[in-house]
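Colleague: File run-v3.tsv below, TSV, C-alpha atoms:
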```
chain	number	residue	atom	x	y	z
A	1	MET	CA	3.29	-46.24	-15.60
A	2	GLU	CA	0.88	-44.15	-13.49
A	3	PRO	CA	-2.83	-44.41	-14.30
A	4	ALA	CA	-4.33	-41.51	-16.19
A	5	PRO	CA	-6.21	-39.05	-13.96
A	6	THR	CA	-9.96	-39.55	-13.93
A	7	ALA	CA	-12.41	-36.80	-14.86
A	8	ARG	CA	-13.38	-36.59	-11.19
A	9	SER	CA	-9.77	-35.94	-10.06
A	10	ARG	CA	-9.23	-33.40	-12.82
A	11	LEU	CA	-12.35	-31.48	-11.79
A	12	ARG	CA	-12.03	-31.63	-8.02
A	13	LEU	CA	-13.15	-27.99	-7.91
A	14	LEU	CA	-16.63	-29.07	-9.05
A	15	GLU	CA	-16.95	-31.91	-6.55
A	16	ALA	CA	-19.53	-30.09	-4.41
A	17	LEU	CA	-21.90	-29.80	-7.38
A	18	ARG	CA	-22.59	-33.52	-7.09
A	19	HIS	CA	-24.73	-32.67	-4.07
A	20	ARG	CA	-28.28	-31.59	-4.96
A	21	ASP	CA	-28.78	-29.35	-1.95
A	22	PHE	CA	-25.51	-27.53	-2.56
A	23	LYS	CA	-26.51	-26.92	-6.18
A	24	LEU	CA	-29.73	-25.27	-4.97
A	25	LEU	CA	-27.84	-23.14	-2.43
A	26	PHE	CA	-25.10	-22.23	-4.92
A	27	ALA	CA	-27.53	-21.25	-7.69
A	28	GLY	CA	-29.59	-19.09	-5.37
A	29	GLN	CA	-26.54	-17.39	-3.87
A	30	THR	CA	-25.00	-16.68	-7.27
A	31	ILE	CA	-28.17	-14.89	-8.40
A	32	SER	CA	-28.53	-13.08	-5.07
A	33	GLN	CA	-24.89	-11.95	-5.02
A	34	ILE	CA	-25.17	-10.49	-8.53
A	35	GLY	CA	-28.26	-8.62	-7.36
A	36	ASP	CA	-26.41	-7.38	-4.25
A	37	ALA	CA	-23.43	-6.17	-6.28
A	38	ALA	CA	-25.73	-4.24	-8.61
A	39	PHE	CA	-27.62	-2.92	-5.58
A	40	VAL	CA	-24.48	-1.42	-4.02
A	41	VAL	CA	-23.65	0.48	-7.23
A	42	ALA	CA	-27.19	1.83	-7.58
A	43	LEU	CA	-27.29	2.64	-3.86
A	44	GLY	CA	-24.09	4.66	-4.02
A	45	TRP	CA	-25.10	6.68	-7.06
A	46	ARG	CA	-28.63	7.24	-5.77
A	47	ALA	CA	-27.25	8.47	-2.43
A	48	PHE	CA	-25.02	10.91	-4.29
A	49	THR	CA	-27.88	12.23	-6.44
A	50	LEU	CA	-29.96	12.81	-3.30
A	51	THR	CA	-27.27	14.81	-1.48
A	52	HIS	CA	-24.64	15.76	-4.10
A	53	LYS	CA	-22.00	15.04	-1.45
A	54	ALA	CA	-19.05	12.70	-1.98
A	55	SER	CA	-19.37	11.43	1.60
A	56	SER	CA	-22.86	10.01	1.02
A	57	LEU	CA	-21.76	6.50	0.04
A	58	GLY	CA	-19.42	6.29	3.01
A	59	ILE	CA	-22.27	7.19	5.34
A	60	VAL	CA	-24.61	4.66	3.73
A	61	LEU	CA	-22.06	1.82	3.85
A	62	SER	CA	-21.14	2.64	7.46
A	63	VAL	CA	-24.80	2.48	8.50
A	64	GLU	CA	-25.27	-0.87	6.76
A	65	ALA	CA	-22.09	-2.25	8.36
A	66	LEU	CA	-23.32	-1.10	11.78
A	67	GLY	CA	-26.63	-2.89	11.20
A	68	LEU	CA	-24.81	-6.07	10.16
A	69	VAL	CA	-22.51	-6.05	13.19
A	70	THR	CA	-25.51	-5.43	15.48
A	71	THR	CA	-27.19	-8.73	14.59
A	72	LEU	CA	-24.17	-10.93	13.75
A	73	LEU	CA	-23.76	-12.44	17.22
A	74	ILE	CA	-27.52	-12.90	17.66
A	75	GLY	CA	-27.60	-14.57	14.25
A	76	GLY	CA	-24.88	-16.97	15.37
A	77	VAL	CA	-26.87	-18.04	18.43
A	78	LEU	CA	-30.08	-18.49	16.42
A	79	ALA	CA	-28.33	-20.51	13.71
A	80	ASP	CA	-26.87	-22.88	16.32
A	81	ARG	CA	-30.30	-23.33	17.91
A	82	TYR	CA	-32.78	-23.45	14.98
A	83	SER	CA	-32.97	-24.56	11.35
A	84	ARG	CA	-30.30	-22.76	9.35
A	85	ARG	CA	-32.28	-23.32	6.15
A	86	LEU	CA	-35.34	-21.57	7.57
A	87	LEU	CA	-33.21	-18.70	8.90
A	88	LEU	CA	-31.70	-18.20	5.45
A	89	ILE	CA	-35.10	-18.28	3.77
A	90	GLY	CA	-36.54	-15.89	6.35
A	91	SER	CA	-33.66	-13.45	5.94
A	92	ASP	CA	-33.98	-13.57	2.14
A	93	VAL	CA	-37.74	-12.98	2.22
A	94	ALA	CA	-37.43	-10.15	4.75
A	95	ARG	CA	-34.77	-8.39	2.68
A	96	ALA	CA	-36.80	-8.93	-0.49
A	97	VAL	CA	-39.78	-7.15	1.08
A	98	LEU	CA	-37.54	-4.39	2.38
A	99	VAL	CA	-35.72	-3.73	-0.89
A	100	ALA	CA	-38.99	-3.96	-2.83
A	101	GLY	CA	-40.33	-1.24	-0.52
A	102	LEU	CA	-37.24	0.86	-1.27
A	103	ALA	CA	-37.85	0.38	-5.00
A	104	LEU	CA	-41.48	1.48	-4.62
A	105	VAL	CA	-40.61	4.58	-2.60
A	106	ASP	CA	-37.90	5.47	-5.14
A	107	ALA	CA	-40.15	4.89	-8.16
A	108	THR	CA	-42.90	7.11	-6.74
A	109	GLY	CA	-40.49	9.99	-6.11
A	110	HIS	CA	-40.74	9.98	-2.31
A	111	LEU	CA	-37.19	8.88	-1.55
A	112	HIS	CA	-34.93	11.20	0.43
A	113	PHE	CA	-31.62	10.57	2.18
A	114	GLY	CA	-33.08	9.96	5.65
A	115	VAL	CA	-35.47	7.33	4.30
A	116	LEU	CA	-32.63	5.70	2.36
A	117	ILE	CA	-30.55	5.48	5.54
A	118	ALA	CA	-33.45	3.81	7.39
A	119	PHE	CA	-33.85	1.20	4.64
A	120	VAL	CA	-30.12	0.51	4.55
A	121	ALA	CA	-29.93	0.07	8.34
A	122	LEU	CA	-32.70	-2.54	8.23
A	123	HIS	CA	-30.99	-4.24	5.28
A	124	GLY	CA	-27.81	-4.53	7.36
A	125	LEU	CA	-29.74	-6.09	10.25
A	126	GLY	CA	-31.07	-8.78	7.91
A	127	SER	CA	-27.61	-9.47	6.49
A	128	GLY	CA	-26.22	-9.96	10.00
A	129	LEU	CA	-28.75	-12.70	10.63
A	130	PHE	CA	-27.97	-14.32	7.27
A	131	GLN	CA	-24.18	-14.72	7.38
A	132	PRO	CA	-23.77	-17.09	10.38
A	133	ALA	CA	-26.56	-19.35	9.11
A	134	PHE	CA	-25.02	-19.43	5.63
A	135	GLY	CA	-21.59	-20.42	6.94
A	136	GLY	CA	-23.19	-23.02	9.18
A	137	ILE	CA	-25.30	-24.67	6.49
A	138	LEU	CA	-22.49	-25.46	4.04
A	139	PRO	CA	-21.23	-28.51	5.99
A	140	LEU	CA	-24.82	-29.78	6.09
A	141	VAL	CA	-25.33	-29.81	2.31
A	142	VAL	CA	-22.05	-31.47	1.25
A	143	GLU	CA	-19.91	-34.28	2.60
A	144	GLU	CA	-16.78	-33.18	4.46
A	145	PRO	CA	-14.31	-34.03	1.63
A	146	SER	CA	-16.26	-31.66	-0.64
A	147	LEU	CA	-16.10	-28.66	1.71
A	148	GLY	CA	-13.04	-27.21	-0.01
A	149	SER	CA	-14.83	-27.40	-3.34
A	150	ALA	CA	-17.98	-25.85	-1.86
A	151	ASN	CA	-16.13	-22.89	-0.34
A	152	ALA	CA	-14.10	-22.41	-3.50
A	153	LEU	CA	-17.22	-22.31	-5.68
A	154	ILE	CA	-18.87	-19.83	-3.31
A	155	GLY	CA	-15.74	-17.68	-3.50
A	156	VAL	CA	-15.70	-17.80	-7.29
A	157	SER	CA	-19.40	-16.92	-7.36
A	158	ARG	CA	-18.93	-14.00	-4.95
A	159	GLN	CA	-15.99	-12.48	-6.82
A	160	SER	CA	-17.60	-13.01	-10.25
A	161	ALA	CA	-20.71	-11.24	-8.98
A	162	LEU	CA	-18.57	-8.20	-8.15
A	163	VAL	CA	-17.68	-7.97	-11.84
A	164	ILE	CA	-21.07	-8.87	-13.36
A	165	GLY	CA	-23.31	-6.95	-10.93
A	166	PRO	CA	-21.79	-3.47	-11.42
A	167	ALA	CA	-21.79	-3.95	-15.20
A	168	LEU	CA	-25.51	-4.80	-15.13
A	169	ALA	CA	-26.17	-1.88	-12.80
A	170	GLY	CA	-24.51	0.56	-15.19
A	171	LEU	CA	-26.65	-0.73	-18.05
A	172	ILE	CA	-29.98	-0.83	-16.18
A	173	TYR	CA	-29.48	2.45	-14.32
A	174	GLY	CA	-29.05	4.36	-17.56
A	175	ILE	CA	-32.22	2.87	-19.03
A	176	ALA	CA	-34.66	2.44	-16.13
A	177	GLY	CA	-33.13	4.18	-13.10
A	178	SER	CA	-32.21	3.04	-9.60
A	179	SER	CA	-35.69	1.76	-8.70
A	180	ALA	CA	-35.42	-0.94	-11.38
A	181	ILE	CA	-32.15	-2.18	-9.90
A	182	PHE	CA	-33.64	-2.20	-6.40
A	183	ALA	CA	-36.59	-4.21	-7.71
A	184	ALA	CA	-34.24	-6.66	-9.45
A	185	ASP	CA	-32.28	-7.16	-6.22
A	186	ALA	CA	-35.53	-7.83	-4.34
A	187	ALA	CA	-36.43	-10.43	-6.96
A	188	SER	CA	-32.99	-12.06	-6.58
A	189	PHE	CA	-33.65	-12.59	-2.86
A	190	LEU	CA	-36.95	-14.29	-3.68
A	191	VAL	CA	-35.24	-16.54	-6.23
A	192	SER	CA	-32.62	-17.49	-3.65
A	193	ALA	CA	-35.32	-18.32	-1.08
A	194	ALA	CA	-37.36	-20.31	-3.61
A	195	LEU	CA	-34.34	-22.39	-4.67
A	196	LEU	CA	-33.42	-23.16	-1.06
A	197	ALA	CA	-36.98	-24.11	-0.04
A	198	PRO	CA	-36.85	-27.71	-1.39
A	199	ALA	CA	-33.35	-28.34	0.05
A	200	ARG	CA	-33.08	-30.86	2.86
A	201	PRO	CA	-29.75	-30.31	4.65
A	202	ARG	CA	-28.62	-32.83	7.24
A	203	GLY	CA	-29.65	-32.13	10.80
A	204	PHE	CA	-27.35	-31.59	13.76
A	205	GLU	CA	-27.85	-31.90	17.49
A	206	PRO	CA	-28.04	-28.38	18.96
A	207	ALA	CA	-26.83	-27.72	22.49
A	208	ALA	CA	-29.44	-27.20	25.17
A	209	SER	CA	-30.99	-23.73	25.08
A	210	GLU	CA	-29.49	-21.55	27.80
A	211	GLY	CA	-30.66	-18.10	26.79
A	212	LEU	CA	-29.01	-15.57	24.50
A	213	ARG	CA	-26.41	-14.24	26.94
A	214	ARG	CA	-25.26	-17.66	28.17
A	215	GLU	CA	-25.04	-19.08	24.64
A	216	LEU	CA	-23.01	-16.09	23.50
A	217	THR	CA	-20.75	-16.55	26.50
A	218	SER	CA	-20.26	-20.25	25.77
A	219	GLY	CA	-19.36	-19.41	22.16
A	220	PHE	CA	-16.84	-16.82	23.30
A	221	ARG	CA	-15.41	-19.25	25.86
A	222	TYR	CA	-14.95	-21.87	23.13
A	223	VAL	CA	-13.05	-19.41	20.91
A	224	VAL	CA	-10.66	-18.25	23.65
A	225	GLN	CA	-9.90	-21.86	24.58
A	226	VAL	CA	-8.72	-22.66	21.02
A	227	PRO	CA	-5.45	-20.77	20.39
A	228	TRP	CA	-5.44	-20.97	16.61
A	229	LEU	CA	-8.97	-19.54	16.56
A	230	TRP	CA	-8.60	-16.53	18.85
A	231	ARG	CA	-5.12	-15.69	17.57
A	232	THR	CA	-6.22	-15.70	13.92
A	233	ILE	CA	-9.39	-13.70	14.58
A	234	ALA	CA	-7.34	-11.13	16.54
A	235	THR	CA	-4.80	-10.97	13.71
A	236	PHE	CA	-7.53	-10.46	11.11
A	237	THR	CA	-8.95	-7.65	13.25
A	238	LEU	CA	-5.62	-5.78	13.30
A	239	VAL	CA	-4.96	-6.43	9.61
A	240	LEU	CA	-8.32	-5.05	8.52
A	241	MET	CA	-7.84	-2.03	10.78
A	242	THR	CA	-4.40	-1.29	9.30
A	243	ALA	CA	-3.69	-2.68	5.82
A	244	PHE	CA	-7.26	-2.96	4.51
A	245	ALA	CA	-8.33	0.41	5.94
A	246	SER	CA	-5.22	2.17	4.66
A	247	VAL	CA	-5.87	0.98	1.11
A	248	GLN	CA	-9.52	2.04	1.27
A	249	VAL	CA	-8.62	5.52	2.45
A	250	LEU	CA	-5.34	6.23	0.65
A	251	LEU	CA	-5.43	4.36	-2.67
A	252	PRO	CA	-7.51	6.96	-4.58
A	253	THR	CA	-4.95	9.66	-3.74
A	254	LEU	CA	-2.08	7.34	-4.66
A	255	VAL	CA	-3.65	6.55	-8.04
A	256	GLU	CA	-4.13	10.23	-8.82
A	257	GLU	CA	-0.88	11.67	-7.47
A	258	GLU	CA	1.65	8.92	-8.23
A	259	TRP	CA	0.28	7.26	-11.36
A	260	HIS	CA	-1.81	10.18	-12.69
A	261	GLY	CA	-4.83	7.93	-13.14
A	262	GLY	CA	-8.54	8.41	-12.63
A	263	VAL	CA	-11.53	6.42	-11.49
A	264	GLY	CA	-10.99	3.87	-14.28
A	265	SER	CA	-7.48	3.05	-13.04
A	266	TYR	CA	-8.70	2.92	-9.46
A	267	GLY	CA	-11.51	0.49	-10.35
A	268	LEU	CA	-9.14	-1.65	-12.43
A	269	LEU	CA	-6.92	-2.30	-9.42
A	270	PHE	CA	-9.85	-3.78	-7.50
A	271	THR	CA	-11.05	-5.71	-10.54
A	272	LEU	CA	-7.62	-7.31	-10.91
A	273	GLN	CA	-7.56	-8.17	-7.22
A	274	GLY	CA	-10.94	-9.84	-7.73
A	275	VAL	CA	-9.54	-11.82	-10.67
A	276	GLY	CA	-6.68	-12.98	-8.45
A	277	MET	CA	-9.14	-14.01	-5.73
A	278	VAL	CA	-11.13	-16.08	-8.23
A	279	LEU	CA	-7.92	-17.82	-9.33
A	280	GLY	CA	-6.92	-18.45	-5.71
A	281	SER	CA	-10.32	-19.95	-4.89
A	282	ILE	CA	-10.16	-22.18	-7.98
A	283	VAL	CA	-6.70	-23.50	-7.10
A	284	LEU	CA	-7.81	-24.15	-3.51
A	285	GLY	CA	-10.86	-26.03	-4.74
A	286	GLN	CA	-8.74	-28.11	-7.08
A	287	THR	CA	-6.02	-28.96	-4.53
A	288	SER	CA	-7.97	-29.00	-1.20
A	289	PRO	CA	-4.91	-29.25	1.09
A	290	THR	CA	-5.50	-31.03	4.40
A	291	ARG	CA	-2.05	-30.84	6.07
A	292	ARG	CA	-0.26	-27.91	7.74
A	293	ARG	CA	-3.11	-25.58	6.90
A	294	GLY	CA	-2.20	-23.09	9.63
A	295	VAL	CA	1.26	-22.61	8.11
A	296	LEU	CA	-0.19	-22.35	4.62
A	297	ILE	CA	-2.80	-19.72	5.57
A	298	TYR	CA	-0.34	-17.51	7.43
A	299	SER	CA	2.34	-17.90	4.74
A	300	LEU	CA	-0.03	-16.87	1.95
A	301	LEU	CA	-1.32	-13.89	3.92
A	302	ALA	CA	2.26	-12.85	4.75
A	303	VAL	CA	3.02	-12.90	1.01
A	304	ASN	CA	-0.15	-10.87	0.40
A	305	THR	CA	0.96	-8.06	2.70
A	306	GLY	CA	4.63	-8.46	1.80
A	307	VAL	CA	4.00	-7.76	-1.88
A	308	GLY	CA	1.47	-5.18	-0.72
A	309	ILE	CA	4.45	-3.07	0.35
A	310	LEU	CA	5.25	-2.82	-3.37
A	311	LEU	CA	1.72	-1.55	-4.02
A	312	GLY	CA	2.57	1.56	-2.05
A	313	LEU	CA	6.10	1.99	-3.38
A	314	SER	CA	5.69	1.06	-7.05
A	315	PRO	CA	6.46	3.98	-9.40
A	316	TRP	CA	4.49	2.26	-12.19
A	317	PHE	CA	0.75	1.67	-12.34
A	318	TRP	CA	1.11	-1.67	-14.12
A	319	GLY	CA	3.52	-2.86	-11.44
A	320	ALA	CA	0.82	-2.08	-8.87
A	321	ALA	CA	-1.73	-3.89	-11.07
A	322	LEU	CA	0.41	-7.05	-11.05
A	323	VAL	CA	0.75	-6.77	-7.28
A	324	GLN	CA	-3.05	-6.70	-6.98
A	325	VAL	CA	-3.40	-9.96	-8.92
A	326	VAL	CA	-0.84	-11.65	-6.67
A	327	ARG	CA	-2.48	-10.25	-3.54
A	328	GLY	CA	-5.90	-11.39	-4.72
A	329	PHE	CA	-4.62	-14.92	-5.38
A	330	CYS	CA	-3.15	-15.19	-1.87
A	331	ILE	CA	-6.29	-13.77	-0.24
A	332	GLY	CA	-8.68	-15.96	-2.24
A	333	PHE	CA	-6.73	-19.14	-1.49
A	334	ALA	CA	-6.09	-18.37	2.20
A	335	ILE	CA	-9.58	-17.17	3.15
A	336	THR	CA	-11.28	-20.06	1.35
A	337	LEU	CA	-8.96	-22.47	3.16
A	338	TRP	CA	-9.68	-20.72	6.48
A	339	ASP	CA	-13.45	-21.02	5.96
A	340	THR	CA	-13.08	-24.71	5.10
A	341	MET	CA	-10.91	-25.39	8.15
A	342	LEU	CA	-13.43	-23.69	10.44
A	343	MET	CA	-16.26	-25.83	9.09
A	344	GLN	CA	-14.26	-29.03	9.51
A	345	ARG	CA	-12.74	-28.41	12.95
A	346	VAL	CA	-15.47	-26.56	14.88
A	347	PRO	CA	-18.36	-28.68	16.26
A	348	GLN	CA	-21.63	-28.22	14.40
A	349	HIS	CA	-23.56	-27.06	17.45
A	350	MET	CA	-21.02	-24.22	17.90
A	351	LEU	CA	-20.16	-23.43	14.26
A	352	SER	CA	-22.49	-20.50	13.51
A	353	ARG	CA	-21.52	-18.73	16.75
A	354	VAL	CA	-17.83	-19.09	15.90
A	355	ILE	CA	-18.45	-17.79	12.36
A	356	SER	CA	-20.37	-14.83	13.75
A	357	MET	CA	-17.50	-14.06	16.15
A	358	ASP	CA	-15.01	-14.36	13.29
A	359	TRP	CA	-17.01	-11.78	11.29
A	360	PHE	CA	-17.62	-9.58	14.33
A	361	GLY	CA	-14.00	-9.66	15.44
A	362	SER	CA	-12.68	-8.99	11.95
A	363	LEU	CA	-15.02	-6.03	11.36
A	364	GLY	CA	-15.01	-4.68	14.90
A	365	LEU	CA	-12.16	-2.16	14.58
A	366	LEU	CA	-12.55	-1.37	10.87
A	367	PRO	CA	-14.43	1.94	11.41
A	368	ALA	CA	-11.67	3.03	13.82
A	369	GLY	CA	-9.07	2.07	11.22
A	370	LEU	CA	-10.78	4.10	8.50
A	371	ALA	CA	-10.87	7.13	10.81
A	372	LEU	CA	-7.24	6.60	11.84
A	373	TRP	CA	-5.88	6.56	8.30
A	374	ALA	CA	-7.99	9.57	7.38
A	375	LEU	CA	-6.24	11.43	10.23
A	376	LEU	CA	-2.78	10.15	9.27
A	377	SER	CA	-3.19	10.88	5.57
A	378	GLY	CA	-1.54	14.30	5.83
A	379	PHE	CA	1.59	13.13	7.65
A	380	ALA	CA	3.30	11.29	4.78
A	381	ALA	CA	2.86	10.33	1.14
A	382	PRO	CA	-0.04	7.87	0.63
A	383	GLY	CA	2.24	5.22	-0.84
A	384	THR	CA	4.55	5.41	2.15
A	385	LEU	CA	1.66	4.99	4.57
A	386	ILE	CA	0.25	2.02	2.63
A	387	ALA	CA	3.69	0.38	2.56
A	388	ALA	CA	4.10	0.93	6.32
A	389	SER	CA	0.70	-0.62	7.07
A	390	MET	CA	1.50	-3.63	4.87
A	391	GLY	CA	4.88	-4.06	6.54
A	392	PHE	CA	3.27	-4.05	9.99
A	393	CYS	CA	0.76	-6.71	8.93
A	394	THR	CA	3.52	-8.86	7.42
A	395	PHE	CA	5.20	-8.76	10.84
A	396	LEU	CA	1.93	-9.89	12.45
A	397	TYR	CA	1.66	-12.89	10.13
A	398	LEU	CA	5.31	-13.82	10.70
A	399	LEU	CA	4.65	-13.72	14.45
A	400	GLY	CA	1.80	-16.15	13.85
A	401	LEU	CA	4.08	-18.44	11.86
A	402	ALA	CA	6.52	-18.46	14.78
A	403	ASP	CA	3.76	-19.72	17.11
A	404	PRO	CA	3.88	-23.56	17.42
A	405	ARG	CA	0.11	-23.55	18.08
A	406	ILE	CA	-0.40	-22.18	14.54
A	407	ARG	CA	2.23	-24.38	12.94
A	408	SER	CA	0.64	-27.51	14.40
A	409	VAL	CA	-2.84	-26.88	12.90
A	410	ASP	CA	-3.73	-29.28	10.08
```
As structure tokens - that is how I would like this structure written.

Modeller:
Amino acid sequence: MEPAPTARSRLRLLEALRHRDFKLLFAGQTISQIGDAAFVVALGWRAFTLTHKASSLGIVLSVEALGLVTTLLIGGVLADRYSRRLLLIGSDVARAVLVAGLALVDATGHLHFGVLIAFVALHGLGSGLFQPAFGGILPLVVEEPSLGSANALIGVSRQSALVIGPALAGLIYGIAGSSAIFAADAASFLVSAALLAPARPRGFEPAASEGLRRELTSGFRYVVQVPWLWRTIATFTLVLMTAFASVQVLLPTLVEEEWHGGVGSYGLLFTLQGVGMVLGSIVLGQTSPTRRRGVLIYSLLAVNTGVGILLGLSPWFWGAALVQVVRGFCIGFAITLWDTMLMQRVPQHMLSRVISMDWFGSLGLLPAGLALWALLSGFAAPGTLIAASMGFCTFLYLLGLADPRIRSVD
């Protein structure tokens, strides 16, 4: 007879919470992510009320994304050279001051669209410095066997925040206005910084300082010398430019024309995808696979885009809703596994630069993709175009699966 599973084995997902420093990081990030999700909702509606143009949110988000991309690679170099904890605290405090300033300007009635754009651009710059340091600090606050659990819990927190934050924003906005939500987001950054302040992550031996350009070059050289790294980053770049961008541009029209739905139906599809991503992250955290991870990641992402073809072709809304849950599960599991594999296989002194290049590469062609699908939107039905983009990305993932350099990655 096999021994009964212990409580620890049953709750492998929660393994990372045994580490004090991870608990501090996780608590702070959960609060901050809820604040950020509420911030985006308030930001979008406030931008619209300032201009009364539907394009306002797109402009605001594009400016923030540009700011983030601008500092991502610099943030990677800094996080491989200096204390990642201090970089995270500094980024949180800087963004708290910035968003508090936005709240003050809004509350006093002096906010106009140009000022909002300036604040958002600076916010994006701070976020670009934050992300590489955050990815780099996780392996320093948990032991390596708990990395899968840590990434899974962060994924669950991030996706849950996308449900809780907008709900809070809707409630607060109606009572106290956008400035109150901006102030709450600023406070969430301060809470995150305060919780991280007493943490004492393990140290690592940074490489010798060579200057920004040389350190960026050495990071790039490392990526191109590791086939599974550069191939996957390149694949993610093309997938975001095609499948992700096509859904962002074409799904509203598909919901309205094919399923005769409105904004509620449109939002539900993304909510259900988020639910699937939470489930995928939970299953990853509970199972923490360590063998044939390259095959598993590419297989799950091929299923994601393969069933995504049905998203475009489904004649029924609830069929599309089921597809979104399945897609979310595959994405949540695969991306959490990818993050964990990066943290385990890339040397610590290079990790933040690699993470910044992963983010930069993945986001690099997204604006071009959004513009491309906007241009193509009149050439065929939206569902057909979405299905075609998903089919192309499925082919890309199958090509990856055929590559022995991907199949050999554990």

Colleague: At most 7 Å from (-25.1, -3.9, 10.6), file frame, all atoms listed in the file: which residues, as a ChimeraX atom specification?

Modeller: /A:63-71,121,124-125,128

Colleague: Of the candidates A:Phe119, A:Phe39, A:Phe48, A:Tyr298, which shows the shortest atom-to-atom distance to Ala169 of chain A, using all atoms listed in the file?

Modeller: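 That would be A:Phe39, the residue with the smallest distance to Ala169 of chain A.
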
Colleague: Please build the interface table for segment 235-322 of chain A against segment 11-29 of chain A with a cut-off of 9 Å, listing for each qualifying residue the nearest atom pair and the distance in Å to one decimal; count all atoms listed in the file, order rows by chain and increasing number, and write it as a Markdown table.

Modeller:
```
| residue | atom | partner | partner_atom | distance |
| --- | --- | --- | --- | --- |
| A:Ile282 | CA | A:Leu13 | CA | 6.5 |
| A:Val283 | CA | A:Leu13 | CA | 7.9 |
| A:Leu284 | CA | A:Leu13 | CA | 7.9 |
| A:Gly285 | CA | A:Leu13 | CA | 4.4 |
| A:Gln286 | CA | A:Leu13 | CA | 4.5 |
| A:Thr287 | CA | A:Arg12 | CA | 7.4 |
| A:Ser288 | CA | A:Arg12 | CA | 8.4 |
```

Colleague: Could you take the residues named above and write them with C-alpha atoms, as a short mmCIF file (atom, residue, chain, number, x, y, z; two decimals), in the frame of the given file?

Modeller:
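selection23.cif, written as the output of this step:
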```cif
data_model
loop_
_atom_site.label_atom_id
_atom_site.label_comp_id
_atom_site.auth_asym_id
_atom_site.auth_seq_id
_atom_site.Cartn_x
_atom_site.Cartn_y
_atom_site.Cartn_z
CA ILE A 282 -10.16 -22.18 -7.98
CA VAL A 283 -6.70 -23.50 -7.10
CA LEU A 284 -7.81 -24.15 -3.51
CA GLY A 285 -10.86 -26.03 -4.74
CA GLN A 286 -8.74 -28.11 -7.08
CA THR A 287 -6.02 -28.96 -4.53
CA SER A 288 -7.97 -29.00 -1.20
#
```

Colleague: How far is it from atom CA of Gln159 of chain A to atom CA of Arg202 of chain A, in Å with one decimal?

Modeller: 27.8 Å

Colleague: May I ask for the distance between atom CA of Leu216 of chain A and atom CA of His349 of chain A, given in Å to one decimal place?

Modeller: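 Going from atom CA of Leu216 of chain A over to atom CA of His349 of chain A, I get 12.5 Å.
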
Colleague: Using all atoms listed in the file, tabulate the residues of segment 141-260 of chain A lying at most 12 Å from any atom of segment 310-320 of chain A, each with its closest atom pair and that distance in Å to one decimal, by chain and increasing residue number, as a Markdown table.

Modeller:
```
| residue | atom | partner | partner_atom | distance |
| --- | --- | --- | --- | --- |
| A:Ala243 | CA | A:Gly312 | CA | 10.9 |
| A:Ser246 | CA | A:Gly312 | CA | 10.3 |
| A:Val247 | CA | A:Gly312 | CA | 9.0 |
| A:Leu250 | CA | A:Gly312 | CA | 9.6 |
| A:Leu251 | CA | A:Gly312 | CA | 8.5 |
| A:Pro252 | CA | A:Gly312 | CA | 11.7 |
| A:Thr253 | CA | A:Gly312 | CA | 11.2 |
| A:Leu254 | CA | A:Gly312 | CA | 7.9 |
| A:Val255 | CA | A:Phe317 | CA | 7.9 |
| A:Glu256 | CA | A:Phe317 | CA | 10.5 |
| A:Glu257 | CA | A:Pro315 | CA | 10.8 |
| A:Glu258 | CA | A:Pro315 | CA | 7.0 |
| A:Trp259 | CA | A:Phe317 | CA | 5.7 |
| A:His260 | CA | A:Phe317 | CA | 8.9 |
```

Colleague: Find the residue from A:Arg85, A:His52, A:Arg327, A:Arg345 that sits nearest to Leu196 of chain A; use all atoms listed in the file when measuring.

Modeller: A:Arg85

Colleague: Given the choices A:Ala150, A:Ala79, A:Leu162, A:Val239, which gets closest to Gly364 of chain A if the distance is worked out from only C-alpha atoms?

Modeller: A:Val239

Colleague: Counting all atoms listed in the file, figure out which residue out of A:Arg407, A:Arg158, A:Arg221, A:Lys53 gets nearest to Thr336 of chain A.

Modeller: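 Among the listed residues, A:Arg158 lies closest to Thr336 of chain A.
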
Colleague: For Leu366 of chain A, find every residue with an atom within 10 Å (counting only C-alpha atoms), except residues of its own chain fewer than 4 positions away, and show them as number ranges by chain.

Modeller: A: 65, 237-242, 244-245, 361-362, 370-372

Colleague: For a quick check of understanding, using all atoms listed in the file, which of A:Pro227, A:Gly155, A:Pro166, A:Gly211 has the smallest distance to Gly276 of chain A?

Modeller: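 Of the candidates, the smallest distance to Gly276 of chain A is held by A:Gly155.
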
Colleague: For the point (-31.5, -15.5, 6.5) in the file's frame, write as a PyMOL selection string all residues with an atom no more than 9 Å away, counting all atoms listed in the file.

Modeller: chain A and resi 75+84-95+126-134+193

Colleague: Can you tell me, as a compact mmCIF listing (two decimals) with C-alpha atoms, in the frame of the given file, what residues are no more than 9 Å from segment 392-397 of chain A when counting all atoms listed in the file, ignoring any on the same chain fewer than 3 positions away?

Modeller:
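Here's the written file around_32.txt:
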```txt
# COMPACT_ATOMS: atom_id res chain seq x y z
CA THR A 235 -4.80 -10.97 13.71
CA LEU A 238 -5.62 -5.78 13.30
CA VAL A 239 -4.96 -6.43 9.61
CA THR A 242 -4.40 -1.29 9.30
CA ALA A 243 -3.69 -2.68 5.82
CA TYR A 298 -0.34 -17.51 7.43
CA SER A 299 2.34 -17.90 4.74
CA LEU A 301 -1.32 -13.89 3.92
CA ALA A 302 2.26 -12.85 4.75
CA VAL A 303 3.02 -12.90 1.01
CA ASN A 304 -0.15 -10.87 0.40
CA THR A 305 0.96 -8.06 2.70
CA GLY A 306 4.63 -8.46 1.80
CA ALA A 387 3.69 0.38 2.56
CA ALA A 388 4.10 0.93 6.32
CA SER A 389 0.70 -0.62 7.07
CA GLY A 400 1.80 -16.15 13.85
CA LEU A 401 4.08 -18.44 11.86
CA ALA A 402 6.52 -18.46 14.78
```
